[in-house]
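Engineer: Shown below is the structure under consideration.
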Amino acid sequence: MTREERLNFLNSLTKLAAKEWVRTKLPCKAVELSPSMSEATIDYHYGTLYKGYVDKSNKGIGGEFQNAGAFLHQIFFSQLKPYSKENNPTGLISDLIKVEFSSFNEMKNKIKEEAMKIQGSGCPYRDWE
């Protein structure tokens, strides 16, 4: 999928969103995500960036870029759970990761490698054609 196709896909998804964005609540306390993510990182991304996307989208400022930012952050924050050394995927998703990447660690390394190529350090996501 090309960059333009991905943006068009995101734009179509965000148009399906509610007329007004509401930030998803964090499913745990920010401090519970350490050491995977620091409390300061969560505070900045949730309290500043995500809040900014939602507020600007609701005011009609920034168009689809703000909607896409709100949408992607909503997906991200809804999936968080407290840190555990056992936070490895299981079941079907684990099987799919092994087929696609050979292991969970290989997937994490590939995502990190690709994310660092994105301006602004990026928020990578996986798409399938």
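Each chain in the structure tokens gets a letter, A, B and so on, in the order shown; residues start at 1 in every chain, and ligands are counted from 1 in the order they appear.
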Set the distance at 12 Å and use only C-alpha atoms: which residues neighbour Tyr83 (chain A) once local chain neighbours fewer than 5 positions away are removed? I'd like the list as JSON, numbers by chain.
Structural biologist: {"A": [28, 29, 30, 31, 32, 33, 34, 35, 36, 37, 38, 88]}
Engineer: Taking only C-alpha atoms into account, which of A:Ala40, A:Ile93, A:Val22, A:Val99 comes nearest Asn67 (chain A)?
Structural biologist: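 Closest to Asn67 (chain A) of all the choices is A:Val22.
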